[in-house]
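Enquirer: Handing over work_39.txt, compact mmCIF, C-alpha atoms and all ligand atoms.
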# COMPACT_ATOMS: atom_id res chain seq x y z
CA ARG A 24 -3.68 13.38 -17.76
CA THR A 25 -0.05 12.96 -18.73
CA VAL A 26 1.45 9.56 -17.96
CA TYR A 27 4.92 8.05 -18.22
CA VAL A 28 5.76 4.90 -20.19
CA ASN A 29 9.34 3.71 -20.70
CA GLY A 30 11.04 7.08 -20.76
CA GLU A 31 8.25 9.02 -22.47
CA TYR A 32 5.66 11.47 -21.16
CA LEU A 33 2.41 10.98 -23.10
CA PRO A 34 -1.29 11.84 -22.93
CA GLU A 35 -2.99 8.81 -21.30
CA THR A 36 -4.96 8.14 -24.50
CA GLU A 37 -1.73 7.66 -26.44
CA ALA A 38 0.09 5.51 -23.88
CA SER A 39 0.19 1.77 -24.51
CA VAL A 40 1.86 -1.47 -23.46
CA SER A 41 2.18 -4.68 -25.51
CA ILE A 42 -0.44 -7.43 -25.13
CA PHE A 43 2.56 -9.74 -24.49
CA ASP A 44 3.68 -7.71 -21.49
CA ARG A 45 4.34 -10.13 -18.62
CA GLY A 46 2.62 -7.80 -16.18
CA PHE A 47 -0.59 -8.29 -18.17
CA LEU A 48 -0.23 -12.04 -18.88
CA PHE A 49 1.43 -13.32 -15.67
CA ALA A 50 1.12 -10.55 -13.08
CA ASP A 51 4.92 -10.58 -13.37
CA ALA A 52 5.26 -7.04 -12.10
CA VAL A 53 5.76 -5.00 -8.97
CA TYR A 54 4.29 -1.64 -7.98
CA GLU A 55 4.39 1.23 -5.52
CA VAL A 56 1.90 3.91 -4.57
CA THR A 57 3.25 7.16 -3.15
CA SER A 58 0.97 9.83 -1.78
CA VAL A 59 1.18 13.51 -2.64
CA LEU A 60 0.29 16.23 -0.15
CA ASN A 61 0.74 19.93 -0.86
CA GLY A 62 2.24 18.88 -4.19
CA LYS A 63 5.01 16.95 -2.45
CA LEU A 64 5.84 13.24 -2.22
CA ILE A 65 5.35 11.51 1.12
CA ASP A 66 8.05 8.99 2.09
CA PHE A 67 9.45 8.70 -1.46
CA GLU A 68 12.69 7.23 -0.11
CA GLY A 69 10.90 4.36 1.63
CA HIS A 70 8.94 3.46 -1.49
CA ALA A 71 12.06 3.57 -3.68
CA VAL A 72 13.92 1.26 -1.28
CA ARG A 73 11.03 -1.23 -1.13
CA LEU A 74 10.69 -1.15 -4.93
CA ALA A 75 14.35 -2.07 -5.31
CA ARG A 76 13.86 -4.93 -2.85
CA SER A 77 10.76 -6.26 -4.63
CA LEU A 78 12.59 -6.23 -7.98
CA ASN A 79 15.60 -7.95 -6.46
CA GLU A 80 13.47 -10.69 -4.86
CA LEU A 81 12.01 -11.47 -8.30
CA GLY A 82 15.36 -11.36 -10.08
CA MET A 83 14.37 -8.33 -12.13
CA GLU A 84 16.88 -5.64 -12.95
CA ASN A 85 16.08 -2.19 -11.63
CA PRO A 86 15.65 -0.20 -14.84
CA ILE A 87 15.58 3.24 -13.24
CA SER A 88 17.79 5.00 -10.71
CA LYS A 89 16.31 6.50 -7.57
CA GLU A 90 17.20 9.99 -8.80
CA ASP A 91 15.47 9.47 -12.16
CA LEU A 92 12.48 7.90 -10.45
CA LEU A 93 12.12 10.93 -8.18
CA GLU A 94 12.39 13.20 -11.21
CA VAL A 95 9.59 11.31 -13.04
CA HIS A 96 7.37 11.42 -9.94
CA ARG A 97 7.92 15.15 -9.57
CA GLU A 98 7.38 15.89 -13.26
CA LEU A 99 4.06 14.00 -13.31
CA VAL A 100 2.90 15.79 -10.16
CA ARG A 101 3.89 19.10 -11.76
CA VAL A 102 2.33 18.66 -15.23
CA ASN A 103 -0.85 17.12 -13.82
CA GLU A 104 -1.07 19.82 -11.13
CA ILE A 105 -1.53 17.34 -8.30
CA ASP A 106 -1.89 19.03 -4.95
CA GLU A 107 -3.31 15.99 -3.15
CA GLY A 108 -3.30 12.56 -4.69
CA LEU A 109 -1.21 9.55 -5.55
CA VAL A 110 1.54 8.48 -7.92
CA TYR A 111 1.19 4.88 -9.13
CA LEU A 112 4.32 3.14 -10.40
CA GLN A 113 4.50 -0.30 -12.00
CA ILE A 114 7.49 -2.20 -13.33
CA SER A 115 6.90 -5.46 -15.17
CA ARG A 116 9.48 -7.92 -16.45
CA GLY A 117 8.66 -6.57 -19.89
CA ALA A 118 7.00 -7.56 -23.13
CA ASP A 119 8.23 -10.86 -24.55
CA SER A 120 7.57 -11.74 -28.24
CA ASP A 121 5.13 -14.48 -27.24
CA ARG A 122 3.43 -15.98 -24.18
CA ASP A 123 5.94 -18.14 -22.34
CA PHE A 124 6.10 -19.04 -18.63
CA VAL A 125 9.89 -19.00 -18.72
CA PHE A 126 11.39 -15.59 -17.99
CA PRO A 127 12.79 -13.92 -21.12
CA ASP A 128 16.50 -13.14 -21.48
CA PRO A 129 16.97 -9.83 -19.60
CA GLU A 130 19.49 -8.79 -22.28
CA LYS A 131 16.73 -8.92 -24.90
CA VAL A 132 13.60 -7.98 -22.97
CA LYS A 133 13.72 -4.85 -20.84
CA PRO A 134 11.29 -4.08 -17.99
CA THR A 135 8.21 -1.98 -18.71
CA VAL A 136 8.03 1.12 -16.52
CA VAL A 137 4.66 2.87 -16.18
CA LEU A 138 3.72 5.76 -13.90
CA PHE A 139 0.54 7.77 -13.61
CA THR A 140 -1.02 10.16 -11.11
CA GLN A 141 -4.39 10.08 -9.42
CA ASN A 142 -5.89 13.37 -8.30
CA LYS A 143 -7.51 13.00 -4.83
CA PRO A 144 -8.49 16.36 -3.40
CA GLY A 145 -9.26 16.11 0.31
CA LEU A 146 -7.11 13.01 0.84
CA ALA A 147 -5.57 14.28 4.08
CA ALA A 148 -8.84 15.66 5.46
CA THR A 149 -10.85 12.50 4.87
CA VAL A 150 -11.24 10.33 7.96
CA LYS A 151 -13.74 7.54 7.38
CA PRO A 152 -14.63 5.30 10.35
CA MET A 153 -14.17 1.89 8.73
CA LYS A 154 -16.21 -1.26 9.13
CA VAL A 155 -14.34 -4.44 8.29
CA ILE A 156 -15.19 -8.11 7.88
CA SER A 157 -12.76 -11.01 8.23
CA ILE A 158 -12.07 -13.47 5.40
CA ASP A 159 -9.61 -16.30 4.81
CA ASP A 160 -6.15 -15.25 3.67
CA ILE A 161 -5.63 -17.48 0.64
CA ARG A 162 -2.87 -15.38 -0.99
CA TRP A 163 0.55 -16.76 -1.90
CA GLY A 164 3.43 -16.97 0.61
CA ARG A 165 5.51 -13.97 -0.51
CA ARG A 166 3.30 -11.07 0.49
CA ASP A 167 6.43 -9.13 1.40
CA ILE A 168 6.99 -8.63 -2.35
CA LYS A 169 4.70 -5.92 -3.68
CA THR A 170 3.46 -7.68 -6.82
CA VAL A 171 0.41 -6.71 -8.87
CA GLN A 172 -1.36 -10.01 -8.02
CA LEU A 173 -4.31 -8.10 -6.60
CA LEU A 174 -7.26 -10.27 -7.64
CA TYR A 175 -7.89 -11.70 -4.18
CA PRO A 176 -7.58 -8.31 -2.45
CA SER A 177 -10.09 -7.00 -5.02
CA MET A 178 -12.42 -9.91 -4.28
CA GLY A 179 -12.00 -9.24 -0.57
CA LYS A 180 -13.09 -5.62 -1.01
CA MET A 181 -16.10 -6.83 -3.04
CA MET A 182 -17.01 -9.32 -0.27
CA ALA A 183 -16.78 -6.47 2.24
CA LYS A 184 -19.00 -4.27 0.10
CA ALA A 185 -21.57 -7.05 -0.31
CA ALA A 186 -21.62 -7.40 3.49
CA GLY A 187 -22.18 -3.66 3.96
CA ALA A 188 -18.60 -3.10 5.17
CA ASP A 189 -15.67 -1.09 3.83
CA ASP A 190 -12.78 -3.53 3.80
CA ALA A 191 -11.66 -7.01 4.82
CA TRP A 192 -9.04 -8.27 7.27
CA LEU A 193 -7.33 -11.49 6.29
CA ILE A 194 -7.03 -14.50 8.59
CA GLU A 195 -4.41 -17.24 8.34
CA ASP A 196 -3.96 -20.07 10.87
CA GLY A 197 -6.31 -18.26 13.24
CA PHE A 198 -4.45 -14.95 13.22
CA VAL A 199 -4.98 -11.67 11.38
CA THR A 200 -2.27 -11.10 8.77
CA GLU A 201 -3.19 -7.69 7.30
CA GLY A 202 -5.96 -5.87 5.45
CA THR A 203 -6.61 -6.31 1.72
CA SER A 204 -4.43 -3.26 1.05
CA ASN A 205 -3.17 -2.10 4.43
CA ASN A 206 -1.42 -3.08 7.66
CA VAL A 207 -3.65 -3.49 10.70
CA TYR A 208 -3.43 -2.63 14.42
CA ILE A 209 -5.46 -2.96 17.58
CA VAL A 210 -5.15 -0.92 20.76
CA LYS A 211 -5.74 -2.35 24.24
CA ASP A 212 -5.13 -0.43 27.47
CA GLY A 213 -3.14 2.13 25.51
CA LYS A 214 -0.86 -0.48 23.95
CA ILE A 215 -0.57 -0.69 20.13
CA ILE A 216 -0.54 -4.30 18.93
CA THR A 217 0.41 -5.24 15.36
CA ARG A 218 1.73 -8.35 13.64
CA GLY A 219 5.51 -8.53 13.27
CA LEU A 220 7.24 -8.43 9.90
CA SER A 221 7.73 -11.65 7.90
CA ASN A 222 6.96 -12.95 4.41
CA ASP A 223 3.30 -13.15 5.51
CA ILE A 224 2.62 -9.42 5.14
CA LEU A 225 3.72 -6.43 3.13
CA HIS A 226 6.30 -4.37 4.99
CA GLY A 227 4.28 -1.17 4.87
CA ILE A 228 6.16 2.07 4.43
CA THR A 229 3.43 3.81 6.43
CA ARG A 230 3.66 1.09 9.10
CA ALA A 231 7.37 1.74 9.58
CA ALA A 232 6.85 5.49 9.87
CA VAL A 233 3.84 5.24 12.20
CA LEU A 234 5.59 2.80 14.56
CA ARG A 235 8.62 5.10 14.65
CA PHE A 236 6.44 8.13 15.49
CA ALA A 237 4.52 6.09 18.09
CA GLU A 238 7.78 5.10 19.74
CA GLU A 239 9.03 8.70 19.72
CA ALA A 240 5.74 9.71 21.37
CA GLN A 241 6.45 7.12 24.14
CA MET A 242 3.51 4.95 23.14
CA GLU A 243 3.75 1.28 23.99
CA ILE A 244 4.04 -1.08 21.00
CA GLU A 245 3.82 -4.87 20.89
CA GLU A 246 4.61 -6.69 17.64
CA ARG A 247 2.79 -10.01 17.79
CA ASN A 248 0.00 -12.00 16.21
CA PHE A 249 -3.59 -11.42 17.31
CA THR A 250 -6.90 -13.13 16.57
CA ILE A 251 -10.05 -11.53 15.21
CA GLU A 252 -11.72 -12.16 18.61
CA GLU A 253 -8.95 -10.21 20.36
CA ALA A 254 -9.44 -7.44 17.81
CA GLN A 255 -13.20 -7.39 18.41
CA ASN A 256 -12.55 -6.94 22.12
CA ALA A 257 -9.90 -4.25 21.69
CA ASP A 258 -10.46 -0.64 22.74
CA GLU A 259 -9.82 0.54 19.19
CA ALA A 260 -8.38 -0.53 15.86
CA PHE A 261 -6.93 1.12 12.78
CA PHE A 262 -5.03 0.45 9.60
CA THR A 263 -2.24 2.18 7.71
CA SER A 264 -1.34 2.57 4.04
CA ALA A 265 0.25 5.17 1.80
CA SER A 266 -3.13 6.17 0.40
CA ALA A 267 -5.18 6.13 3.63
CA PHE A 268 -2.41 7.19 6.09
CA VAL A 269 -3.90 6.12 9.46
CA MET A 270 -7.57 5.12 9.28
CA PRO A 271 -9.75 4.22 12.30
CA VAL A 272 -11.65 0.91 12.27
CA VAL A 273 -14.85 1.03 14.33
CA GLU A 274 -16.50 -2.29 13.59
CA ILE A 275 -15.19 -5.84 13.02
CA ASP A 276 -17.54 -8.59 11.76
CA GLY A 277 -20.53 -6.58 12.98
CA LYS A 278 -19.16 -5.89 16.46
CA ALA A 279 -18.58 -2.25 17.38
CA LEU A 280 -15.26 -1.49 19.10
CA GLY A 281 -15.28 0.54 22.31
CA ASN A 282 -17.96 3.23 21.99
CA GLY A 283 -18.12 2.76 18.21
CA ALA A 284 -16.31 6.00 17.41
CA PRO A 285 -12.79 6.43 15.96
CA GLY A 286 -10.20 5.85 18.70
CA ASN A 287 -7.95 8.49 20.20
CA VAL A 288 -4.73 6.61 19.50
CA ALA A 289 -5.64 6.23 15.81
CA LEU A 290 -6.61 9.88 15.47
CA ARG A 291 -3.50 11.08 17.29
CA LEU A 292 -1.22 8.86 15.18
CA ARG A 293 -2.90 10.11 12.01
CA GLU A 294 -2.22 13.70 13.03
CA ILE A 295 1.41 12.99 13.96
CA TYR A 296 1.96 11.00 10.77
CA LEU A 297 0.57 13.76 8.53
CA ASP A 298 2.51 16.51 10.35
CA GLU A 299 5.83 14.70 10.47
CA SER A 300 5.64 13.23 6.96
CA LEU A 301 4.80 16.60 5.44
CA LYS A 302 7.89 18.11 7.06
CA LYS A 303 10.06 15.57 5.23
CA ALA A 304 8.09 15.48 1.95
CA VAL A 305 10.12 16.02 -1.21
N1 LIG B 1 -0.44 -4.49 2.99
C1 LIG B 1 -0.90 -4.66 1.74
C2 LIG B 1 -1.38 -6.00 1.32
C3 LIG B 1 -0.95 -3.57 0.86
O1 LIG B 1 -1.40 -3.73 -0.40
C4 LIG B 1 -0.52 -2.29 1.31
C5 LIG B 1 -0.57 -1.07 0.43
N2 LIG B 1 -0.26 -1.28 -0.88
C6 LIG B 1 -0.05 -2.17 2.62
C7 LIG B 1 -0.03 -3.30 3.43
C8 LIG B 1 0.42 -0.85 3.17
O2 LIG B 1 1.69 -0.52 2.67
P1 LIG B 1 2.14 1.00 2.52
O3 LIG B 1 2.03 1.62 3.86
O4 LIG B 1 3.55 0.91 2.06
O5 LIG B 1 1.23 1.62 1.52
Before anything else, please render the file you have as structure tokens.
Ligand code: PMP

Expert:
Amino acid sequence: RTVYVNGEYLPETEASVSIFDRGFLFADAVYEVTSVLNGKLIDFEGHAVRLARSLNELGMENPISKEDLLEVHRELVRVNEIDEGLVYLQISRGADSDRDFVFPDPEKVKPTVVLFTQNKPGLAATVKPMKVISIDDIRWGRRDIKTVQLLYPSMGKMMAKAAGADDAWLIEDGFVTEGTSNNVYIVKDGKIITRGLSNDILHGITRAAVLRFAEEAQMEIEERNFTIEEAQNADEAFFTSASAFVMPVVEIDGKALGNGAPGNVALRLREIYLDESLKKAV
């Protein structure tokens, strides 16, 4: 696999980053994951805009223009012959000369930019009815910034696995915030219910697109908090992310939803999302 590090395309075995890189030592880095279908990038614009926002919120300079970023994405997809898969992008505050909590002088230390592809044949065709458990949301208060602090989400997925489930939904002050790596929804009497945007959740690029398509399809949407009990009593549930698109959830904390099969709203939204996003893919 060919990867990209700070302006260079290299075989993955020759690519390296300093042990003093702040992404490695402090999780002082942001990331994006963009899906690839038919060799094209889904919602690249949305990911580029959110990346710029994440960097800005952390006072990091944006080291790469949107045009150059698109070019690097496309080149990696091309040389690695990705038909279906993902492009992972990470920008850290850079490699200081030592370990120091204080941010380095941005004139002296430049951000580290790393991109690589992941080949995932069958990504669009794979619909897995998901079982989820609920766990406490003990993450920090700026989940709207897409940082690489992913230890707790990793632990959440391990807790889910240990419980015989596929993923975990996070609960704060009695309400569901989001999934470990996705935005979550329930459907009741045809109405789509999902938490509103705030610093408590990541502003999903897929969420924005799916809600827009749902609105265009005259579906009813309510942005508000909901509890895990309300979710367990919903007709259906699903989650969205750039790598899973729209994925049906069929069981929450051991309770099957509806008839236990993927819901119609989730399946319809998945189809619309894939169709519409592919039309605009770049
Ligand atoms: N919430 C969290 C915590 C996530 O990690 C992700 C995906 N990285 C999402 C939501 C979904 O965001 P997107 O649709 O932009 O992939």

Enquirer: Counting all atoms listed in the file, what are the residues, protein, DNA or RNA alike, that approach ligand LIG 1 (chain B) to within 8 Å? I want them as a ChimeraX atom specification.

Expert: /A:55-57,70,166,169,176,201-206,224-231,263-266,268

Enquirer: Residues near Asn103 in chain A, anyone? I mean within 7 Å using only C-alpha atoms, not counting same-chain ones fewer than 2 positions away, as a list in words.

Expert: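 Listing them by chain and then by number gives Arg24, Thr25, Leu99, Val100, Arg101 and Ile105 of chain A.
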
Enquirer: Please, what distance in Å, to one decimal, runs between CA of Thr135 in chain A and CA of Ile114 in chain A?

Expert: 5.4 Å

Enquirer: Near Thr250 in chain A, counting only C-alpha atoms, which residues have an atom at most 12 Å away, once you skip same-chain residues fewer than 5 positions from it, shown as a ChimeraX atom specification?

Expert: /A:157,192-201,207-209,216-218,255-257,275

Enquirer: Do you know which residues are at most 10 Å from Lys214 in chain A counting only C-alpha atoms, after dropping those on the same chain fewer than 6 positions away, and could you put them as a list in words?

Expert: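 Neighbouring residues, sequence-local ones excluded: Met242, Glu243, Ile244, Glu245, Asp258 and Val288 of chain A.
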
Enquirer: Using Å and a single decimal, report how far CA of Gly145 in chain A sits from CA of Leu292 in chain A.

Expert: 18.4 Å

Enquirer: Point out the residue among A:Leu138, A:Val171, A:Val125, A:Ile156 with the least atom-to-atom distance to Ser77 in chain A, counting all atoms listed in the file.

Expert: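 Using all atoms listed in the file, the shortest distance to Ser77 in chain A belongs to A:Val171.
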
Enquirer: Of the candidates A:Gly281, A:Gly30, A:Gly179, A:Gly286, which shows the shortest atom-to-atom distance to Asp91 in chain A, using all atoms listed in the file?

Expert: A:Gly30

Enquirer: Could you please give me, as a VMD selection string, the residues of protein, DNA or RNA lying at most 9 Å from (7.7, -0.6, -13.3) in the coordinate frame of the file, considering all atoms listed in the file?

Expert: chain A and resid 29 52 to 55 74 85 to 87 112 to 117 134 to 138

Enquirer: Report the distance between CA of Glu252 in chain A and CA of Leu220 in chain A in Å, rounded to one decimal place.

Expert: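 Separation of CA of Glu252 in chain A and CA of Leu220 in chain A: 21.2 Å.
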
Enquirer: My list of candidates is A:Ala240, A:Val59, A:Val273, A:Ala279. Which is closest to Leu146 in chain A when distances are computed with all atoms listed in the file?

Expert: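 Among the listed residues, A:Val59 lies closest to Leu146 in chain A.
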
Enquirer: Of the candidates A:Asp66, A:Val26, A:Lys211, A:Leu174, which shows the shortest atom-to-atom distance to Ala50 in chain A, using all atoms listed in the file?

Expert: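 Once distances to Ala50 in chain A are computed over all atoms listed in the file, the minimum belongs to A:Leu174.
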
Enquirer: Of the candidates A:Asn61, A:Pro285, A:Glu104, A:Asp44, which one gets nearest to Asp121 in chain A if we count all atoms listed in the file?

Expert: A:Asp44

Enquirer: Have range 280-301 of chain A completed to N, CA and C atoms, please, and pass it along as a PDB file, in the frame of the given file.

Expert:
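For reference, selection_33.pdb as written:
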ATOM      1  N   LEU A 280     -16.384  -1.544  18.147  1.00  0.00           N
ATOM      2  CA  LEU A 280     -15.260  -1.490  19.100  1.00  0.00           C
ATOM      3  C   LEU A 280     -15.472  -0.317  20.048  1.00  0.00           C
ATOM      4  N   GLY A 281     -15.156  -0.529  21.319  1.00  0.00           N
ATOM      5  CA  GLY A 281     -15.280   0.540  22.310  1.00  0.00           C
ATOM      6  C   GLY A 281     -16.649   1.184  22.222  1.00  0.00           C
ATOM      7  N   ASN A 282     -16.675   2.519  22.077  1.00  0.00           N
ATOM      8  CA  ASN A 282     -17.960   3.230  21.990  1.00  0.00           C
ATOM      9  C   ASN A 282     -18.412   3.402  20.530  1.00  0.00           C
ATOM     10  N   GLY A 283     -17.713   2.724  19.613  1.00  0.00           N
ATOM     11  CA  GLY A 283     -18.120   2.760  18.210  1.00  0.00           C
ATOM     12  C   GLY A 283     -17.621   3.957  17.425  1.00  0.00           C
ATOM     13  N   ALA A 284     -16.859   4.819  18.082  1.00  0.00           N
ATOM     14  CA  ALA A 284     -16.310   6.000  17.410  1.00  0.00           C
ATOM     15  C   ALA A 284     -14.811   5.797  17.148  1.00  0.00           C
ATOM     16  N   PRO A 285     -14.233   6.531  16.198  1.00  0.00           N
ATOM     17  CA  PRO A 285     -12.790   6.430  15.960  1.00  0.00           C
ATOM     18  C   PRO A 285     -12.002   6.615  17.253  1.00  0.00           C
ATOM     19  N   GLY A 286     -10.971   5.804  17.453  1.00  0.00           N
ATOM     20  CA  GLY A 286     -10.200   5.850  18.700  1.00  0.00           C
ATOM     21  C   GLY A 286      -9.206   6.987  18.758  1.00  0.00           C
ATOM     22  N   ASN A 287      -8.880   7.368  20.004  1.00  0.00           N
ATOM     23  CA  ASN A 287      -7.950   8.490  20.200  1.00  0.00           C
ATOM     24  C   ASN A 287      -6.542   8.197  19.715  1.00  0.00           C
ATOM     25  N   VAL A 288      -6.093   6.959  19.917  1.00  0.00           N
ATOM     26  CA  VAL A 288      -4.730   6.610  19.500  1.00  0.00           C
ATOM     27  C   VAL A 288      -4.632   6.713  17.973  1.00  0.00           C
ATOM     28  N   ALA A 289      -5.639   6.177  17.281  1.00  0.00           N
ATOM     29  CA  ALA A 289      -5.640   6.230  15.810  1.00  0.00           C
ATOM     30  C   ALA A 289      -5.645   7.679  15.323  1.00  0.00           C
ATOM     31  N   LEU A 290      -6.497   8.489  15.926  1.00  0.00           N
ATOM     32  CA  LEU A 290      -6.610   9.880  15.470  1.00  0.00           C
ATOM     33  C   LEU A 290      -5.334  10.663  15.776  1.00  0.00           C
ATOM     34  N   ARG A 291      -4.734  10.370  16.928  1.00  0.00           N
ATOM     35  CA  ARG A 291      -3.500  11.080  17.290  1.00  0.00           C
ATOM     36  C   ARG A 291      -2.360  10.666  16.358  1.00  0.00           C
ATOM     37  N   LEU A 292      -2.279   9.347  16.072  1.00  0.00           N
ATOM     38  CA  LEU A 292      -1.220   8.860  15.180  1.00  0.00           C
ATOM     39  C   LEU A 292      -1.398   9.422  13.768  1.00  0.00           C
ATOM     40  N   ARG A 293      -2.642   9.548  13.340  1.00  0.00           N
ATOM     41  CA  ARG A 293      -2.900  10.110  12.010  1.00  0.00           C
ATOM     42  C   ARG A 293      -2.362  11.552  11.937  1.00  0.00           C
ATOM     43  N   GLU A 294      -2.653  12.308  12.990  1.00  0.00           N
ATOM     44  CA  GLU A 294      -2.220  13.700  13.030  1.00  0.00           C
ATOM     45  C   GLU A 294      -0.686  13.794  13.028  1.00  0.00           C
ATOM     46  N   ILE A 295      -0.063  12.984  13.888  1.00  0.00           N
ATOM     47  CA  ILE A 295       1.410  12.990  13.960  1.00  0.00           C
ATOM     48  C   ILE A 295       1.995  12.580  12.609  1.00  0.00           C
ATOM     49  N   TYR A 296       1.427  11.509  12.038  1.00  0.00           N
ATOM     50  CA  TYR A 296       1.960  11.000  10.770  1.00  0.00           C
ATOM     51  C   TYR A 296       1.887  12.085   9.681  1.00  0.00           C
ATOM     52  N   LEU A 297       0.730  12.735   9.573  1.00  0.00           N
ATOM     53  CA  LEU A 297       0.570  13.760   8.530  1.00  0.00           C
ATOM     54  C   LEU A 297       1.527  14.937   8.780  1.00  0.00           C
ATOM     55  N   ASP A 298       1.619  15.381  10.011  1.00  0.00           N
ATOM     56  CA  ASP A 298       2.510  16.510  10.350  1.00  0.00           C
ATOM     57  C   ASP A 298       3.959  16.181  10.039  1.00  0.00           C
ATOM     58  N   GLU A 299       4.415  15.059  10.585  1.00  0.00           N
ATOM     59  CA  GLU A 299       5.830  14.700  10.470  1.00  0.00           C
ATOM     60  C   GLU A 299       6.213  14.365   9.030  1.00  0.00           C
ATOM     61  N   SER A 300       5.328  13.634   8.328  1.00  0.00           N
ATOM     62  CA  SER A 300       5.640  13.230   6.960  1.00  0.00           C
ATOM     63  C   SER A 300       5.699  14.442   6.031  1.00  0.00           C
ATOM     64  N   LEU A 301       4.809  15.388   6.283  1.00  0.00           N
ATOM     65  CA  LEU A 301       4.800  16.600   5.440  1.00  0.00           C
ATOM     66  C   LEU A 301       6.094  17.384   5.577  1.00  0.00           C
TER      67      LEU A 301
END
